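This is run16.tsv (TSV, C-alpha atoms).
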chain	number	residue	atom	x	y	z
N	1	MET	CA	-42.43	39.36	-24.74
N	2	LYS	CA	-43.21	39.31	-21.06
N	3	GLY	CA	-40.72	38.38	-18.32
N	4	ILE	CA	-41.24	37.52	-14.67
N	5	THR	CA	-41.89	40.34	-12.29
N	6	PRO	CA	-39.12	41.52	-9.97
N	7	VAL	CA	-41.07	40.25	-6.92
N	8	ILE	CA	-41.25	36.69	-8.28
N	9	ALA	CA	-37.56	36.85	-9.29
N	10	ILE	CA	-36.57	37.87	-5.75
N	11	ILE	CA	-38.68	35.06	-4.25
N	12	ILE	CA	-37.04	32.49	-6.56
N	13	LEU	CA	-33.55	33.78	-5.68
N	14	LEU	CA	-34.39	33.61	-1.97
N	15	LEU	CA	-35.62	30.02	-2.35
N	16	ILE	CA	-32.40	29.06	-4.14
N	17	THR	CA	-30.33	30.75	-1.41
N	18	VAL	CA	-32.23	28.97	1.38
N	19	ALA	CA	-31.86	25.61	-0.40
N	20	LEU	CA	-28.10	26.10	-0.83
N	21	ALA	CA	-27.72	27.20	2.80
N	22	GLY	CA	-29.62	24.10	3.96
N	23	ALA	CA	-27.48	21.78	1.85
N	24	THR	CA	-24.29	23.44	3.16
N	25	TRP	CA	-25.48	23.16	6.77
N	26	ASN	CA	-26.31	19.47	6.31
N	27	TYR	CA	-22.90	18.75	4.77
N	28	LEU	CA	-20.99	20.63	7.49
N	29	PHE	CA	-23.02	19.01	10.28
N	30	MET	CA	-22.31	15.51	8.92
N	31	TYR	CA	-18.62	16.38	8.45
N	32	TRP	CA	-18.29	17.82	11.97
N	33	GLU	CA	-20.05	14.81	13.50
N	34	GLY	CA	-17.57	12.55	11.74
N	35	VAL	CA	-14.62	14.57	13.01
N	36	VAL	CA	-15.62	14.89	16.68
N	37	GLY	CA	-17.90	11.87	16.98
N	38	LYS	CA	-15.21	9.19	17.18
N	39	GLN	CA	-12.02	10.45	18.75
N	40	ILE	CA	-9.46	8.67	20.89
N	41	GLU	CA	-6.52	9.73	23.01
N	42	LEU	CA	-3.65	7.69	24.38
N	43	THR	CA	-3.78	7.44	28.17
N	44	ASP	CA	-1.04	4.95	29.05
N	45	THR	CA	1.32	2.29	27.73
N	46	PHE	CA	3.17	-0.39	29.66
N	47	CYS	CA	4.50	-3.93	29.42
N	48	ILE	CA	3.27	-6.94	31.40
N	49	GLN	CA	4.69	-10.45	31.71
N	50	GLY	CA	7.79	-9.30	29.83
N	51	SER	CA	6.28	-9.70	26.38
N	52	GLN	CA	2.78	-8.18	26.37
N	53	ALA	CA	2.50	-4.54	25.31
N	54	VAL	CA	-0.58	-2.88	26.81
N	55	VAL	CA	-2.00	0.33	25.33
N	56	LEU	CA	-4.85	2.22	27.03
N	57	ILE	CA	-7.01	4.56	24.97
N	58	ARG	CA	-9.93	6.79	25.93
N	59	ASN	CA	-12.91	7.60	23.74
N	60	THR	CA	-12.89	11.41	23.85
N	61	GLY	CA	-15.54	11.73	21.15
N	62	THR	CA	-19.27	12.08	21.46
N	63	LYS	CA	-20.25	8.71	19.95
N	64	GLU	CA	-19.71	5.14	21.02
N	65	PHE	CA	-17.98	2.70	18.72
N	66	PHE	CA	-16.64	-0.85	18.48
N	67	PRO	CA	-12.84	-0.72	18.93
N	68	ALA	CA	-12.34	-4.14	17.32
N	69	THR	CA	-13.84	-3.01	14.01
N	70	GLU	CA	-13.49	0.77	14.02
N	71	ILE	CA	-9.93	1.17	15.26
N	72	THR	CA	-7.01	0.02	13.14
N	73	VAL	CA	-3.73	-0.88	14.85
N	74	ILE	CA	-0.57	-1.01	12.72
N	75	ASN	CA	2.98	-1.95	13.64
N	76	ALA	CA	4.72	1.40	13.11
N	77	THR	CA	8.04	-0.29	12.34
N	78	SER	CA	7.01	-2.96	9.82
N	79	GLY	CA	3.68	-1.52	8.64
N	80	ALA	CA	1.90	-4.82	9.34
N	81	LYS	CA	-1.73	-4.51	10.38
N	82	PHE	CA	-2.67	-6.25	13.60
N	83	ASN	CA	-5.52	-8.74	13.33
N	84	VAL	CA	-8.24	-8.84	15.97
N	85	TRP	CA	-9.49	-12.19	17.26
N	86	SER	CA	-8.23	-13.95	14.14
N	87	GLY	CA	-5.60	-16.11	15.76
N	88	LEU	CA	-3.20	-15.12	12.98
N	89	PRO	CA	-0.08	-13.26	14.00
N	90	PRO	CA	0.30	-10.45	14.70
N	91	MET	CA	-2.74	-10.49	16.96
N	92	ILE	CA	-4.24	-8.06	19.47
N	93	ASN	CA	-7.01	-8.46	22.02
N	94	TRP	CA	-9.34	-5.62	23.02
N	95	SER	CA	-10.68	-5.41	26.57
N	96	ASN	CA	-11.96	-2.93	29.13
N	97	ALA	CA	-9.40	-0.93	31.07
N	98	ASP	CA	-9.63	-3.36	34.00
N	99	GLY	CA	-8.85	-6.33	31.72
N	100	THR	CA	-12.39	-7.73	31.52
N	101	ASN	CA	-13.76	-8.74	28.14
N	102	LEU	CA	-15.01	-5.86	25.99
N	103	THR	CA	-18.21	-7.30	24.56
N	104	GLY	CA	-19.94	-4.12	23.44
N	105	THR	CA	-19.13	-0.63	22.40
N	106	LEU	CA	-16.75	1.86	23.90
N	107	GLY	CA	-18.86	4.78	25.07
N	108	PRO	CA	-17.79	8.41	25.40
N	109	ASN	CA	-15.14	9.00	28.08
N	110	ARG	CA	-14.60	5.26	28.61
N	111	ILE	CA	-11.20	3.59	28.47
N	112	ALA	CA	-10.34	0.44	26.53
N	113	ARG	CA	-7.08	-1.38	26.18
N	114	PHE	CA	-5.43	-3.72	23.76
N	115	ASN	CA	-2.67	-6.24	24.34
N	116	ALA	CA	-0.17	-7.14	21.64
N	117	ASN	CA	2.87	-9.38	21.59
N	118	CYS	CA	6.09	-7.42	22.07
N	119	PRO	CA	9.29	-9.50	22.34
N	120	VAL	CA	11.41	-9.02	25.46
N	121	GLY	CA	13.95	-6.23	25.10
N	122	ASN	CA	12.18	-4.58	22.16
N	123	LEU	CA	10.65	-1.16	21.76
N	124	CYS	CA	7.29	-1.81	20.10
N	125	SER	CA	5.63	1.06	18.29
N	126	PHE	CA	2.00	1.22	17.17
N	127	ARG	CA	0.01	3.54	14.91
N	128	ILE	CA	-3.63	3.65	16.01
N	129	ILE	CA	-6.21	4.99	13.56
N	130	ALA	CA	-9.73	5.71	14.82
N	131	GLY	CA	-12.94	6.18	12.91
N	132	SER	CA	-13.57	7.35	9.40
N	133	ALA	CA	-11.71	10.63	9.99
N	134	GLY	CA	-8.48	8.63	10.07
N	135	ARG	CA	-6.89	10.50	12.95
N	136	THR	CA	-3.69	8.74	13.98
N	137	ILE	CA	-2.02	8.48	17.37
N	138	ARG	CA	1.30	6.78	18.04
N	139	ALA	CA	2.09	4.57	21.02
N	140	THR	CA	5.42	3.03	22.00
N	141	VAL	CA	6.04	0.36	24.62
N	142	GLN	CA	9.36	-0.92	25.94
N	143	CYS	CA	9.24	-4.60	26.97
Reformat the file's structure so that it appears as structure tokens.
Amino acid sequence: MKGITPVIAIIILLLITVALAGATWNYLFMYWEGVVGKQIELTDTFCIQGSQAVVLIRNTGTKEFFPATEITVINATSGAKFNVWSGLPPMINWSNADGTNLTGTLGPNRIARFNANCPVGNLCSFRIIAGSAGRTIRATVQC
């Protein structure tokens, strides 16, 4: 019975190795892009008009994204998720850092803000989760 020659066996093993290396590279590239592509950092928190908590965040990632759909804001005390533009309490509004309406995406190194109701005399705490990586930052505001 004849087998394959050592040269053909080495070529087949090399092809398998190259295919596995390519699949690994593709997986790691997609994973890394997901981790660093959509990142945020907390830049400032303050209270306006006595009952409006304002939280400023910066997109420190490499990709733009829609804050209203790709960032989740949760009341860190009660665990209630804040609704965006729904009119149902609790409600938050996203805007640009200067307060103008945020109609598009938040590009890299740009700052967005959200306003949320925070009763007078309360310390309001938020958990902010960005992107599919699920990285969480915490913001607190005293009103």
Excluding N:Ser125 and its own-chain neighbours fewer than 3 positions away, which residues fall within 6 Å of it when counting all atoms listed in the file? Please give them as a short mmCIF file (atom, residue, chain, number, x, y, z; two decimals) with C-alpha atoms, in the frame of the given file.
data_model
loop_
_atom_site.label_atom_id
_atom_site.label_comp_id
_atom_site.auth_asym_id
_atom_site.auth_seq_id
_atom_site.Cartn_x
_atom_site.Cartn_y
_atom_site.Cartn_z
CA ALA N 76 4.72 1.40 13.11
CA ALA N 139 2.09 4.57 21.02
CA THR N 140 5.42 3.03 22.00
#
Kindly compute an axis-aligned box around the listed atoms of stretch 42-57 of chain N, allowing 3 Å on each side, and express its centre and edge lengths in Å to one decimal as lines of an AutoDock Vina configuration file.
center_x = 0.4
center_y = -1.4
center_z = 28.0
size_x = 20.8
size_y = 24.1
size_z = 13.3
Could you give me, as JSON lines, a per-residue list for stretch 6-81 of chain N showing, wherever an atom lies at most 10 Å from an atom of stretch 94-107 of chain N, the closest pair of atoms and their distance in Å to one decimal, using all atoms listed in the file and sorting by chain then residue number from low to high?
{"residue": "N:Lys38", "atom": "CA", "partner": "N:Gly107", "partner_atom": "CA", "distance": 9.7}
{"residue": "N:Val54", "atom": "CA", "partner": "N:Trp94", "partner_atom": "CA", "distance": 9.9}
{"residue": "N:Val55", "atom": "CA", "partner": "N:Ala97", "partner_atom": "CA", "distance": 9.4}
{"residue": "N:Leu56", "atom": "CA", "partner": "N:Ala97", "partner_atom": "CA", "distance": 6.9}
{"residue": "N:Ile57", "atom": "CA", "partner": "N:Ala97", "partner_atom": "CA", "distance": 8.5}
{"residue": "N:Arg58", "atom": "CA", "partner": "N:Leu106", "partner_atom": "CA", "distance": 8.7}
{"residue": "N:Asn59", "atom": "CA", "partner": "N:Gly107", "partner_atom": "CA", "distance": 6.7}
{"residue": "N:Thr60", "atom": "CA", "partner": "N:Gly107", "partner_atom": "CA", "distance": 9.0}
{"residue": "N:Gly61", "atom": "CA", "partner": "N:Gly107", "partner_atom": "CA", "distance": 8.6}
{"residue": "N:Thr62", "atom": "CA", "partner": "N:Gly107", "partner_atom": "CA", "distance": 8.2}
{"residue": "N:Lys63", "atom": "CA", "partner": "N:Gly107", "partner_atom": "CA", "distance": 6.6}
{"residue": "N:Glu64", "atom": "CA", "partner": "N:Gly107", "partner_atom": "CA", "distance": 4.2}
{"residue": "N:Phe65", "atom": "CA", "partner": "N:Thr105", "partner_atom": "CA", "distance": 5.1}
{"residue": "N:Phe66", "atom": "CA", "partner": "N:Thr105", "partner_atom": "CA", "distance": 4.6}
{"residue": "N:Pro67", "atom": "CA", "partner": "N:Leu106", "partner_atom": "CA", "distance": 6.8}
{"residue": "N:Ala68", "atom": "CA", "partner": "N:Trp94", "partner_atom": "CA", "distance": 6.6}
**Atomic separation - atom CA of N:Ile12 relative to atom CA of N:Asn26, Å** =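 Atom-to-atom, atom CA of N:Asn26 and atom CA of N:Ile12 are spaced 21.2 Å apart.
The gap separating atom CA of N:Gln39 from atom CA of N:Ala21 is 28.0 Å, in Å to one decimal.
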**Fill in**
From the list N:Thr43, N:Val120, N:Pro108, N:Arg127, the nearest residue to N:Ser78 using only C-alpha atoms is N:Arg127
**Request:** For atom CA of N:Thr77 and atom CA of N:Ala112, determine how far apart the two atoms are, in Å to one decimal place.
**Result:**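 Going from atom CA of N:Thr77 over to atom CA of N:Ala112 covers 23.2 Å.
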**Message:** Need to verify the contact set: N:Val141, 6 Å, all atoms listed in the file, exclusion of same-chain residues closer than 4 positions in sequence. Can you return it as a ChimeraX atom specification?
**Reply:** /N:45-46,123-124
**Message:** From the options N:Ile48, N:Val7, N:Ile129, N:Thr17, which residue's atoms come nearest to N:Ile74, counting all atoms listed in the file?
**Reply:**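 Smallest separation from N:Ile74 among the options: N:Ile129.
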**Request:** Rank N:Ile40, N:Lys81, N:Met30, N:Ile8 by their smallest atom-to-atom distance to N:Asn109, using all atoms listed in the file, and report the top residue only.
**Result:** N:Ile40
**Prompt:** Could you list as JSON, numbers by chain every residue that has an atom within 8 Å of (-4.0, 5.9, 11.1), using the file's coordinates and counting all atoms listed in the file?
**Reply:** {"N": [72, 73, 74, 127, 128, 129, 130, 134, 135, 136, 137]}
Kindly output stretch 55-88 of chain N as a compact mmCIF listing (two decimals), in the frame of the given file, after building N, CA and C atoms.
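In the end it all went to part_12.txt:
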# COMPACT_ATOMS: atom_id res chain seq x y z
N VAL N 55 -1.75 -1.05 25.71
CA VAL N 55 -2.00 0.33 25.33
C VAL N 55 -3.42 0.68 25.77
N LEU N 56 -3.55 1.75 26.57
CA LEU N 56 -4.85 2.22 27.03
C LEU N 56 -5.25 3.44 26.22
N ILE N 57 -6.49 3.43 25.71
CA ILE N 57 -7.01 4.56 24.97
C ILE N 57 -8.36 4.97 25.53
N ARG N 58 -8.65 6.25 25.44
CA ARG N 58 -9.93 6.79 25.93
C ARG N 58 -10.72 7.32 24.73
N ASN N 59 -12.02 7.04 24.74
CA ASN N 59 -12.91 7.60 23.74
C ASN N 59 -13.24 9.03 24.17
N THR N 60 -12.65 10.01 23.51
CA THR N 60 -12.89 11.41 23.85
C THR N 60 -13.95 12.03 22.95
N GLY N 61 -14.52 11.23 22.06
CA GLY N 61 -15.54 11.73 21.15
C GLY N 61 -16.91 11.74 21.80
N THR N 62 -17.90 12.00 20.98
CA THR N 62 -19.27 12.08 21.46
C THR N 62 -20.10 10.85 21.11
N LYS N 63 -19.53 9.92 20.36
CA LYS N 63 -20.25 8.71 19.95
C LYS N 63 -19.54 7.47 20.45
N GLU N 64 -20.32 6.42 20.67
CA GLU N 64 -19.71 5.14 21.02
C GLU N 64 -19.34 4.40 19.74
N PHE N 65 -18.38 3.48 19.87
CA PHE N 65 -17.98 2.70 18.72
C PHE N 65 -17.37 1.38 19.16
N PHE N 66 -17.23 0.46 18.22
CA PHE N 66 -16.64 -0.85 18.48
C PHE N 66 -15.14 -0.77 18.19
N PRO N 67 -14.27 -0.83 19.19
CA PRO N 67 -12.84 -0.72 18.93
C PRO N 67 -12.33 -1.82 17.99
N ALA N 68 -12.86 -3.03 18.12
CA ALA N 68 -12.34 -4.14 17.32
C ALA N 68 -12.55 -3.95 15.82
N THR N 69 -13.57 -3.19 15.44
CA THR N 69 -13.84 -3.01 14.01
C THR N 69 -13.62 -1.58 13.53
N GLU N 70 -13.60 -0.62 14.45
CA GLU N 70 -13.49 0.77 14.02
C GLU N 70 -12.16 1.43 14.38
N ILE N 71 -11.26 0.67 14.98
CA ILE N 71 -9.93 1.17 15.26
C ILE N 71 -8.93 0.23 14.59
N THR N 72 -8.03 0.80 13.83
CA THR N 72 -7.01 0.02 13.14
C THR N 72 -5.69 0.20 13.88
N VAL N 73 -5.02 -0.92 14.17
CA VAL N 73 -3.73 -0.88 14.85
C VAL N 73 -2.68 -1.42 13.88
N ILE N 74 -1.62 -0.64 13.67
CA ILE N 74 -0.57 -1.01 12.72
C ILE N 74 0.77 -0.97 13.43
N ASN N 75 1.62 -1.95 13.14
CA ASN N 75 2.98 -1.95 13.64
C ASN N 75 3.71 -0.81 12.94
N ALA N 76 4.12 0.20 13.70
CA ALA N 76 4.72 1.40 13.11
C ALA N 76 6.09 1.12 12.51
N THR N 77 6.73 0.03 12.89
CA THR N 77 8.04 -0.29 12.34
C THR N 77 7.93 -1.05 11.02
N SER N 78 7.11 -2.12 11.02
CA SER N 78 7.01 -2.96 9.82
C SER N 78 5.86 -2.58 8.90
N GLY N 79 4.86 -1.86 9.44
CA GLY N 79 3.68 -1.52 8.64
C GLY N 79 2.63 -2.60 8.62
N ALA N 80 2.86 -3.72 9.32
CA ALA N 80 1.90 -4.82 9.34
C ALA N 80 0.68 -4.45 10.18
N LYS N 81 -0.48 -4.77 9.66
CA LYS N 81 -1.73 -4.51 10.38
C LYS N 81 -1.97 -5.63 11.37
N PHE N 82 -2.36 -5.25 12.58
CA PHE N 82 -2.67 -6.25 13.60
C PHE N 82 -4.07 -6.79 13.38
N ASN N 83 -4.22 -8.08 13.48
CA ASN N 83 -5.52 -8.74 13.33
C ASN N 83 -6.18 -8.87 14.69
N VAL N 84 -7.49 -8.73 14.72
CA VAL N 84 -8.24 -8.84 15.97
C VAL N 84 -8.99 -10.15 15.98
N TRP N 85 -8.78 -10.93 17.03
CA TRP N 85 -9.49 -12.19 17.26
C TRP N 85 -9.31 -13.21 16.14
N SER N 86 -8.36 -13.03 15.27
CA SER N 86 -8.23 -13.95 14.14
C SER N 86 -7.36 -15.15 14.46
N GLY N 87 -6.52 -15.03 15.46
CA GLY N 87 -5.60 -16.11 15.76
C GLY N 87 -4.37 -16.09 14.88
N LEU N 88 -4.36 -15.23 13.87
CA LEU N 88 -3.20 -15.12 12.98
C LEU N 88 -2.27 -14.04 13.50
